[in-house]
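Asks: What follows is structure12.csv, CSV, C-alpha atoms.
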chain,number,residue,atom,x,y,z
A,590,MET,CA,-1.2,-15.3,6.7
A,591,THR,CA,-3.4,-12.3,7.0
A,592,GLN,CA,-2.1,-9.0,5.9
A,593,PHE,CA,-3.4,-5.5,6.4
A,594,ASN,CA,-2.1,-2.4,4.6
A,595,ILE,CA,-3.0,1.1,5.7
A,596,ASP,CA,-2.2,3.9,3.4
A,597,TYR,CA,-3.1,7.5,4.1
A,598,PHE,CA,-2.6,10.6,2.1
A,599,TYR,CA,-2.1,14.1,3.5
A,600,THR,CA,-1.5,17.5,2.2
A,601,ASP,CA,1.0,20.2,3.0
A,602,ASP,CA,-1.4,21.6,5.6
A,603,ASN,CA,-1.1,18.3,7.4
A,604,LYS,CA,-4.7,17.4,6.6
A,605,ILE,CA,-5.7,13.8,6.0
A,606,GLU,CA,-7.4,13.5,2.6
A,607,GLN,CA,-7.7,9.8,2.2
A,608,ILE,CA,-7.2,6.6,4.2
A,609,ASN,CA,-7.2,3.1,2.7
A,610,LEU,CA,-7.3,-0.2,4.5
A,611,SER,CA,-6.5,-3.2,2.3
A,612,SER,CA,-6.6,-6.8,3.6
A,613,GLY,CA,-6.1,-10.3,2.4
A,614,SER,CA,-5.3,-13.8,3.4
A,615,TRP,CA,-2.9,-16.3,2.0
A,616,GLN,CA,-1.9,-19.9,2.6
A,617,LEU,CA,1.9,-20.1,2.5
A,618,SER,CA,3.6,-23.4,1.8
A,619,GLY,CA,7.1,-24.7,1.0
A,620,GLN,CA,10.4,-23.3,2.0
A,621,ASN,CA,13.1,-21.3,0.4
A,622,ALA,CA,13.1,-21.7,-3.4
A,623,ASN,CA,9.9,-23.8,-3.2
A,624,LYS,CA,7.9,-21.2,-1.3
A,625,SER,CA,4.5,-20.6,-2.7
A,626,SER,CA,1.2,-18.9,-1.7
A,627,ALA,CA,-2.4,-19.4,-2.5
A,628,ILE,CA,-5.2,-16.9,-1.8
A,629,VAL,CA,-7.6,-18.0,0.8
A,630,TYR,CA,-11.1,-16.5,0.9
A,631,ASP,CA,-12.6,-18.5,3.8
A,632,ASP,CA,-9.9,-18.1,6.5
A,633,LYS,CA,-11.4,-18.0,10.0
A,634,THR,CA,-8.9,-15.5,11.4
A,635,TYR,CA,-9.4,-13.2,8.5
A,636,SER,CA,-13.2,-13.3,8.8
A,637,GLU,CA,-13.0,-12.6,12.5
A,638,LEU,CA,-10.7,-9.6,12.0
A,639,THR,CA,-12.7,-8.1,9.1
A,640,ASP,CA,-16.2,-8.7,10.4
A,641,PHE,CA,-16.8,-5.0,10.8
A,642,TYR,CA,-16.4,-4.5,7.1
A,643,SER,CA,-18.3,-7.6,6.0
A,644,LEU,CA,-20.9,-7.1,3.3
A,645,ASN,CA,-24.0,-7.7,5.4
A,646,SER,CA,-22.6,-5.5,8.1
A,647,ILE,CA,-21.9,-2.6,5.7
A,648,LEU,CA,-25.3,-2.9,4.0
A,649,ASN,CA,-27.2,-3.1,7.3
A,650,ILE,CA,-25.5,-0.1,8.8
A,651,HIS,CA,-25.2,2.1,5.7
A,652,GLY,CA,-28.1,1.0,3.5
A,653,ILE,CA,-28.1,0.9,-0.3
A,654,PRO,CA,-25.0,2.3,-2.0
A,655,GLN,CA,-25.2,5.0,-4.6
A,656,GLN,CA,-23.5,2.7,-7.0
A,657,ILE,CA,-22.5,-0.9,-7.1
A,658,LEU,CA,-19.8,-1.6,-9.7
A,659,ILE,CA,-18.5,-5.0,-10.7
A,660,LEU,CA,-15.7,-6.4,-12.8
A,661,PRO,CA,-14.9,-10.1,-13.4
A,662,PHE,CA,-11.2,-9.6,-14.2
A,663,PRO,CA,-10.4,-11.0,-17.7
A,664,ASP,CA,-7.7,-13.6,-18.3
A,665,ASP,CA,-4.2,-12.2,-18.9
A,666,PRO,CA,-3.0,-13.1,-22.4
A,667,GLY,CA,-1.1,-16.4,-22.3
A,668,HIS,CA,-2.5,-17.2,-18.9
A,669,PRO,CA,-5.9,-18.8,-19.4
A,670,SER,CA,-8.2,-19.8,-16.6
A,671,PRO,CA,-8.0,-22.5,-15.6
A,672,PRO,CA,-5.3,-23.1,-14.4
A,673,ALA,CA,-4.8,-19.4,-13.7
A,674,HIS,CA,-7.2,-17.7,-11.2
A,675,TYR,CA,-8.7,-14.2,-11.5
A,676,PRO,CA,-10.8,-12.2,-9.2
A,677,PHE,CA,-14.3,-10.9,-9.4
A,678,SER,CA,-14.5,-7.4,-7.9
A,679,PHE,CA,-17.5,-5.8,-6.3
A,680,VAL,CA,-17.4,-2.1,-5.3
A,681,LEU,CA,-19.9,-0.5,-3.1
A,682,TYR,CA,-19.6,3.3,-3.6
A,683,TYR,CA,-21.2,5.5,-0.9
A,684,SER,CA,-20.5,8.8,-2.5
A,685,ASP,CA,-22.7,10.8,-0.2
A,686,LYS,CA,-20.9,9.3,2.9
A,687,GLY,CA,-17.4,9.5,1.5
A,688,PHE,CA,-16.3,5.9,1.4
A,689,LEU,CA,-16.3,2.8,-0.7
A,690,VAL,CA,-15.8,-0.9,0.1
A,691,GLU,CA,-14.4,-3.3,-2.4
A,692,TYR,CA,-15.0,-7.1,-2.1
A,693,SER,CA,-12.7,-9.2,-4.2
A,694,SER,CA,-13.7,-12.8,-4.6
A,695,SER,CA,-12.6,-15.6,-6.8
A,696,ARG,CA,-14.0,-15.5,-10.4
A,697,ASP,CA,-15.6,-18.7,-11.3
A,698,GLU,CA,-17.3,-19.7,-14.6
A,699,GLN,CA,-20.3,-21.8,-15.4
A,700,ASP,CA,-22.6,-22.2,-18.4
A,701,GLY,CA,-21.5,-19.0,-20.1
A,702,TYR,CA,-21.5,-16.9,-16.9
A,703,TYR,CA,-18.8,-15.4,-14.7
A,704,ILE,CA,-19.7,-16.0,-11.1
A,705,GLY,CA,-18.5,-14.1,-8.0
A,706,CYS,CA,-19.4,-14.6,-4.4
A,707,PRO,CA,-18.9,-11.3,-2.5
A,708,THR,CA,-19.3,-12.8,0.9
A,709,GLU,CA,-16.2,-15.0,0.3
A,710,SER,CA,-13.8,-12.2,-0.5
A,711,HIS,CA,-11.0,-10.0,0.6
A,712,THR,CA,-11.9,-6.4,1.6
A,713,LYS,CA,-10.6,-3.0,0.8
A,714,VAL,CA,-12.0,0.1,2.5
A,715,SER,CA,-11.3,3.7,1.4
A,716,VAL,CA,-12.5,6.8,3.1
A,717,TRP,CA,-11.9,10.4,2.0
A,718,ASN,CA,-12.4,14.0,2.7
A,719,SER,CA,-15.6,14.8,0.8
A,720,ASP,CA,-14.5,18.4,0.3
A,721,SER,CA,-11.7,17.1,-2.0
A,722,PHE,CA,-13.3,14.5,-4.1
A,723,ALA,CA,-16.1,14.8,-6.6
A,724,THR,CA,-15.9,11.6,-8.6
A,725,ILE,CA,-15.0,8.0,-8.1
A,726,GLU,CA,-12.2,8.5,-10.7
A,727,ASN,CA,-10.6,10.9,-8.3
A,728,VAL,CA,-11.1,8.5,-5.4
A,729,VAL,CA,-9.3,5.6,-7.0
A,730,LYS,CA,-6.6,7.7,-8.6
A,731,TYR,CA,-3.9,6.4,-6.3
A,732,PHE,CA,-5.1,2.9,-5.6
A,733,SER,CA,-2.3,0.5,-6.3
A,734,ASN,CA,-3.9,-3.0,-6.1
A,735,ILE,CA,-3.4,-4.7,-9.4
A,736,TYR,CA,-6.5,-6.9,-9.4
A,737,GLY,CA,-8.9,-4.3,-8.0
A,738,ILE,CA,-10.4,-1.0,-8.8
A,739,ASN,CA,-7.7,1.6,-9.6
A,740,ALA,CA,-7.0,4.4,-12.2
A,741,ALA,CA,-6.3,1.8,-14.9
A,742,THR,CA,-9.1,-0.6,-14.3
A,743,ILE,CA,-12.0,1.7,-13.4
A,744,LYS,CA,-13.0,2.1,-17.1
A,745,ASP,CA,-13.7,-1.6,-17.2
A,746,TYR,CA,-16.1,-1.7,-14.3
A,747,ARG,CA,-19.8,-1.7,-15.0
A,748,LEU,CA,-22.9,-0.9,-13.0
A,749,ILE,CA,-24.3,-4.0,-11.5
A,750,GLU,CA,-27.8,-3.3,-12.9
A,751,ASP,CA,-26.4,-3.2,-16.5
A,752,VAL,CA,-24.8,-6.6,-16.4
A,753,THR,CA,-26.7,-8.7,-13.9
A,754,SER,CA,-30.3,-9.3,-13.0
A,755,LEU,CA,-29.7,-7.3,-9.8
A,756,ASP,CA,-30.0,-3.6,-9.2
A,757,PRO,CA,-28.6,-2.0,-6.1
A,758,ASN,CA,-31.9,-2.4,-4.2
A,759,ALA,CA,-32.1,-6.2,-5.1
A,760,PHE,CA,-28.4,-6.6,-4.2
A,761,TYR,CA,-29.1,-4.9,-0.8
A,762,GLU,CA,-32.1,-7.1,-0.1
A,763,THR,CA,-30.1,-10.2,-1.0
A,764,PHE,CA,-26.9,-9.5,0.9
A,765,LYS,CA,-28.0,-7.6,4.0
A,766,ALA,CA,-28.7,-11.0,5.5
A,767,GLN,CA,-26.0,-13.6,6.2
A,768,THR,CA,-25.9,-15.6,2.9
A,769,ASN,CA,-23.6,-17.4,0.6
A,770,GLU,CA,-25.4,-16.2,-2.5
A,771,CYS,CA,-23.3,-15.4,-5.6
A,772,VAL,CA,-23.7,-13.1,-8.5
A,773,LYS,CA,-23.5,-14.1,-12.1
A,774,THR,CA,-23.1,-12.1,-15.3
A,775,PRO,CA,-23.0,-13.3,-18.9
A,776,LYS,CA,-19.5,-13.7,-20.2
A,777,THR,CA,-20.7,-12.3,-23.6
A,778,LEU,CA,-21.1,-8.9,-21.9
A,779,TRP,CA,-17.5,-8.8,-21.0
A,780,MET,CA,-16.0,-9.6,-24.3
A,781,PRO,CA,-13.4,-7.0,-25.4
B,421,MET,CA,9.4,5.3,14.8
B,422,LYS,CA,8.5,9.0,15.4
B,423,TRP,CA,6.3,11.1,13.4
B,424,SER,CA,7.8,14.4,12.4
B,425,THR,CA,5.4,17.1,11.5
B,426,THR,CA,8.2,19.3,10.3
B,427,SER,CA,9.2,16.9,7.6
B,428,ASN,CA,6.6,18.1,5.2
B,429,VAL,CA,8.9,17.8,2.1
B,430,LEU,CA,9.8,14.2,2.2
B,431,ALA,CA,7.2,11.5,2.6
B,432,VAL,CA,7.2,9.7,5.9
B,433,PHE,CA,7.1,6.0,5.9
B,434,PHE,CA,5.8,3.8,8.7
B,435,VAL,CA,6.2,0.2,9.0
B,436,LEU,CA,4.2,-1.7,11.5
B,437,ILE,CA,4.6,-5.4,11.4
B,438,PHE,CA,3.0,-7.9,13.7
B,439,GLU,CA,4.3,-11.4,13.9
B,440,GLY,CA,6.2,-11.9,10.7
B,441,CYS,CA,6.9,-9.8,7.7
B,442,SER,CA,5.4,-8.6,4.4
B,443,PRO,CA,5.0,-11.3,1.7
B,444,THR,CA,8.3,-11.7,-0.1
B,445,ASN,CA,8.5,-11.7,-3.8
B,446,ASP,CA,8.8,-15.4,-4.0
B,447,SER,CA,5.6,-15.9,-2.0
B,448,MET,CA,3.5,-13.7,-4.3
B,449,PRO,CA,1.5,-15.1,-7.3
B,450,VAL,CA,3.3,-15.1,-10.6
B,451,ILE,CA,2.2,-12.2,-12.7
B,452,SER,CA,2.3,-11.9,-16.4
B,453,SER,CA,3.8,-9.3,-18.7
B,454,SER,CA,0.4,-7.8,-19.3
B,455,THR,CA,-0.1,-7.4,-15.6
B,456,VAL,CA,3.3,-5.7,-15.4
B,457,GLN,CA,2.1,-3.4,-18.1
B,458,ASN,CA,-1.0,-2.7,-16.1
B,459,ILE,CA,1.2,-1.8,-13.1
B,460,GLN,CA,3.2,0.5,-15.3
B,461,GLN,CA,0.0,2.1,-16.6
B,462,THR,CA,-1.2,2.6,-13.1
B,463,LEU,CA,2.1,4.2,-12.0
B,464,GLU,CA,2.3,6.4,-15.1
B,465,MET,CA,-0.9,8.2,-14.6
B,466,PRO,CA,-1.3,11.2,-16.8
B,467,PRO,CA,-1.7,14.6,-15.1
B,468,LEU,CA,-5.3,15.7,-15.0
B,469,ASN,CA,-6.2,19.4,-14.5
B,470,VAL,CA,-2.9,20.1,-12.9
B,471,ASN,CA,-3.0,23.6,-11.5
B,472,ALA,CA,-0.3,23.2,-9.0
B,473,THR,CA,3.0,21.4,-8.7
B,474,ALA,CA,2.8,18.4,-6.5
B,475,THR,CA,5.0,15.5,-5.8
B,476,ILE,CA,4.6,12.0,-4.6
B,477,TYR,CA,7.7,10.2,-3.5
B,478,LEU,CA,7.5,6.5,-4.0
B,479,LEU,CA,9.2,5.0,-1.0
B,480,PRO,CA,11.4,2.0,-0.7
B,481,SER,CA,10.2,-1.3,0.5
B,482,PRO,CA,9.2,-1.4,4.1
B,483,THR,CA,11.7,-2.3,6.7
B,484,THR,CA,11.1,-5.8,8.1
B,485,LEU,CA,10.9,-5.9,11.8
B,486,PRO,CA,11.9,-9.1,13.7
B,487,MET,CA,9.1,-11.5,14.7
B,488,VAL,CA,7.7,-10.8,18.2
B,489,SER,CA,5.8,-13.0,20.6
B,490,SER,CA,3.1,-12.3,23.1
B,491,THR,CA,-0.1,-13.6,24.6
B,492,ASN,CA,-2.8,-11.1,23.8
B,493,GLY,CA,-1.8,-9.5,20.5
B,494,LYS,CA,-4.5,-11.2,18.5
B,495,GLN,CA,-7.2,-10.1,21.0
B,496,ILE,CA,-6.0,-6.5,20.9
B,497,LEU,CA,-6.0,-6.5,17.1
B,498,THR,CA,-9.4,-8.2,16.8
B,499,GLU,CA,-11.1,-5.9,19.2
B,500,PHE,CA,-9.7,-2.8,17.5
B,501,LEU,CA,-10.7,-4.0,14.0
B,502,GLN,CA,-14.1,-5.3,15.1
B,503,SER,CA,-14.9,-1.9,16.4
B,504,ASN,CA,-13.2,0.0,13.6
B,505,GLY,CA,-11.4,2.0,16.3
B,506,GLU,CA,-14.8,2.7,17.9
B,507,CYS,CA,-16.2,4.8,15.0
B,508,GLN,CA,-18.3,4.4,11.9
B,509,LEU,CA,-17.3,4.9,8.3
B,510,PRO,CA,-16.2,7.2,6.8
B,511,CYS,CA,-14.1,7.3,10.0
B,512,LEU,CA,-11.7,4.4,9.5
B,513,LEU,CA,-9.8,2.8,12.4
B,514,GLY,CA,-10.4,5.9,14.5
B,515,LEU,CA,-9.1,8.3,11.8
B,516,THR,CA,-11.3,10.9,10.2
B,517,PRO,CA,-10.6,12.3,6.7
B,518,GLY,CA,-10.3,16.0,6.8
B,519,GLY,CA,-8.7,15.7,10.2
B,520,TYR,CA,-5.0,16.3,10.9
B,521,ILE,CA,-2.1,13.9,10.8
B,522,GLU,CA,-1.6,14.2,14.6
B,523,GLU,CA,-4.5,11.8,14.9
B,524,VAL,CA,-2.5,9.2,13.0
B,525,GLN,CA,0.2,9.3,15.7
B,526,ASN,CA,-2.3,7.7,18.1
B,527,LEU,CA,-2.9,4.9,15.7
B,528,ILE,CA,0.8,4.4,15.1
B,529,ASP,CA,1.5,4.4,18.9
B,530,PHE,CA,-1.3,1.8,19.3
B,531,PHE,CA,0.2,-0.5,16.7
B,532,ASP,CA,3.7,0.0,18.1
B,533,ARG,CA,2.6,-1.1,21.5
B,534,GLY,CA,0.7,-4.0,20.0
B,535,ALA,CA,3.7,-5.1,18.0
B,536,SER,CA,5.2,-6.4,21.2
B,537,ASN,CA,2.1,-8.3,22.1
B,538,VAL,CA,1.4,-10.7,19.3
B,539,VAL,CA,1.9,-14.4,19.3
B,540,ASN,CA,1.7,-17.2,16.7
B,541,GLU,CA,-0.7,-15.5,14.4
B,542,ARG,CA,0.7,-14.7,11.0
B,543,ILE,CA,-0.8,-11.2,10.9
B,544,VAL,CA,1.1,-8.5,9.0
B,545,TRP,CA,0.5,-4.8,9.3
B,546,ARG,CA,2.0,-2.2,7.1
B,547,CYS,CA,1.3,1.5,7.2
B,548,THR,CA,2.4,4.0,4.6
B,549,ALA,CA,2.0,7.8,4.8
B,550,ILE,CA,2.4,9.8,1.7
B,551,TRP,CA,2.6,13.6,1.6
B,552,ILE,CA,1.2,15.3,-1.4
B,553,ALA,CA,1.0,19.0,-2.0
B,554,SER,CA,-2.5,18.9,-3.4
B,555,PHE,CA,-4.5,15.7,-3.4
B,556,ALA,CA,-7.2,16.8,-5.7
B,557,LYS,CA,-4.7,17.4,-8.5
B,558,ALA,CA,-2.7,14.7,-10.1
B,559,PRO,CA,0.9,15.0,-9.1
B,560,ALA,CA,4.1,14.1,-10.9
B,561,VAL,CA,5.6,10.9,-9.7
B,562,HIS,CA,9.2,10.5,-8.9
B,563,GLN,CA,11.2,7.5,-7.9
B,564,PRO,CA,13.6,8.1,-5.0
Written as structure tokens, that's how I'd like the structure from this file.

Replies:
Amino acid sequence: MTQFNIDYFYTDDNKIEQINLSSGSWQLSGQNANKSSAIVYDDKTYSELTDFYSLNSILNIHGIPQQILILPFPDDPGHPSPPAHYPFSFVLYYSDKGFLVEYSSSRDEQDGYYIGCPTESHTKVSVWNSDSFATIENVVKYFSNIYGINAATIKDYRLIEDVTSLDPNAFYETFKAQTNECVKTPKTLWMP
Amino acid sequence: MKWSTTSNVLAVFFVLIFEGCSPTNDSMPVISSSTVQNIQQTLEMPPLNVNATATIYLLPSPTTLPMVSSTNGKQILTEFLQSNGECQLPCLLGLTPGGYIEEVQNLIDFFDRGASNVVNERIVWRCTAIWIASFAKAPAVHQP
């Protein structure tokens, strides 16, 4: 199942201030009480529908973002991974153009690193009236996705150049082409 | 569903569902108590630099529309998404921030028409509009 949510916010003068498009894909199984769902990151229909917002497309059209923020979401207490799954979030923040795109992939682990693959991900796009927003904190103030950037999680996000070997320029050069490259960051940098 | 520009006190809620319905609770991943705490933290955002009274109405769950069938719904959706409503970001799906909500009606109409033209693709659309008095200032949050 592929799902799209569109939220938009408007003021008392009927002006649109922010529009958000969230999307995701799930594999549903079972029936009635045995129903379950699993996140799918490589669904063909989903990829077709969201191709406009794919990482290489965004980078090729809009260039290097002002900021790239990442967060490998930590394990919830009492729910270690594995078997639990947690996302690895990449946020491309184009402050000058008035939009951001978040790519949420599966968070994997290997040899002391968290690994995320932004090209196998679910996408959220947010655009806003640049007259009304000065900071990314304002932009994400009303975001409601639990495992993504929002008012509660933004403090945990880090600039990509601070926690990986990539800076925004290197990220751009790597992902502007069609690639399955992934990003790794030392787990020790994310200890509470 | 009709957009009412005069209803600027209560939030307006649109539900647009193609082929199926929103994920039910029993189809969603299990979340832990700490996650619930995070949700609560998200919902209970402290006011920041509040200079005006503003209100967000959290709306009830979307109405679920019956499943519909068609032959070209997927094509309509795909073409619309693949062109982003024939505009570039920060225009999104043909909507421009800073514009007026009348523009949204075109999108709603488009989806409403498309809703009768989808077949066998489990694609769900949901659209929510929220009125706020002043977006740049953190509003109080009220449950309905």

Asks: Which is closest to Gly701 (chain A) among A:Ser670, A:Asn727, A:Thr742, A:Thr777, if we use all atoms listed in the file?

Replies: A:Thr777

Asks: Write down, as a CSV table (one decimal) with C-alpha atoms, in the coordinates of the input, each residue of chain A that has any atom within 8 Å of an atom of chain B, counting all atoms listed in the file.

Replies:
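The resulting file, result-v1.csv, is shown below:
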chain,number,residue,atom,x,y,z
A,590,MET,CA,-1.2,-15.3,6.7
A,591,THR,CA,-3.4,-12.3,7.0
A,592,GLN,CA,-2.1,-9.0,5.9
A,593,PHE,CA,-3.4,-5.5,6.4
A,594,ASN,CA,-2.1,-2.4,4.6
A,595,ILE,CA,-3.0,1.1,5.7
A,596,ASP,CA,-2.2,3.9,3.4
A,597,TYR,CA,-3.1,7.5,4.1
A,598,PHE,CA,-2.6,10.6,2.1
A,599,TYR,CA,-2.1,14.1,3.5
A,600,THR,CA,-1.5,17.5,2.2
A,601,ASP,CA,1.0,20.2,3.0
A,603,ASN,CA,-1.1,18.3,7.4
A,604,LYS,CA,-4.7,17.4,6.6
A,605,ILE,CA,-5.7,13.8,6.0
A,606,GLU,CA,-7.4,13.5,2.6
A,607,GLN,CA,-7.7,9.8,2.2
A,608,ILE,CA,-7.2,6.6,4.2
A,617,LEU,CA,1.9,-20.1,2.5
A,622,ALA,CA,13.1,-21.7,-3.4
A,624,LYS,CA,7.9,-21.2,-1.3
A,625,SER,CA,4.5,-20.6,-2.7
A,626,SER,CA,1.2,-18.9,-1.7
A,627,ALA,CA,-2.4,-19.4,-2.5
A,637,GLU,CA,-13.0,-12.6,12.5
A,638,LEU,CA,-10.7,-9.6,12.0
A,639,THR,CA,-12.7,-8.1,9.1
A,640,ASP,CA,-16.2,-8.7,10.4
A,641,PHE,CA,-16.8,-5.0,10.8
A,665,ASP,CA,-4.2,-12.2,-18.9
A,666,PRO,CA,-3.0,-13.1,-22.4
A,668,HIS,CA,-2.5,-17.2,-18.9
A,686,LYS,CA,-20.9,9.3,2.9
A,687,GLY,CA,-17.4,9.5,1.5
A,688,PHE,CA,-16.3,5.9,1.4
A,716,VAL,CA,-12.5,6.8,3.1
A,717,TRP,CA,-11.9,10.4,2.0
A,718,ASN,CA,-12.4,14.0,2.7
A,721,SER,CA,-11.7,17.1,-2.0
A,722,PHE,CA,-13.3,14.5,-4.1
A,727,ASN,CA,-10.6,10.9,-8.3
A,733,SER,CA,-2.3,0.5,-6.3
A,735,ILE,CA,-3.4,-4.7,-9.4
A,739,ASN,CA,-7.7,1.6,-9.6
A,740,ALA,CA,-7.0,4.4,-12.2
A,741,ALA,CA,-6.3,1.8,-14.9

Asks: Kindly give the distance, in Å, that separates CA of Lys744 (chain A) and CA of Asn649 (chain A), rounded to a single decimal.

Replies: 28.7 Å

Asks: Under the rule that all atoms listed in the file are counted, which of A:Tyr642, A:Tyr675, A:Tyr731, A:Phe764 is the nearest residue to Pro707 (chain A)?

Replies: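 Among the listed residues, A:Phe764 lies closest to Pro707 (chain A).
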
Asks: May I ask for the distance between CA of Leu644 (chain A) and CA of Thr708 (chain A), given in Å to one decimal place?

Replies: 6.4 Å

Asks: Rounded to one decimal, what separation in Å do you get between CA of Gln699 (chain A) and CA of Thr753 (chain A)?

Replies: 14.7 Å
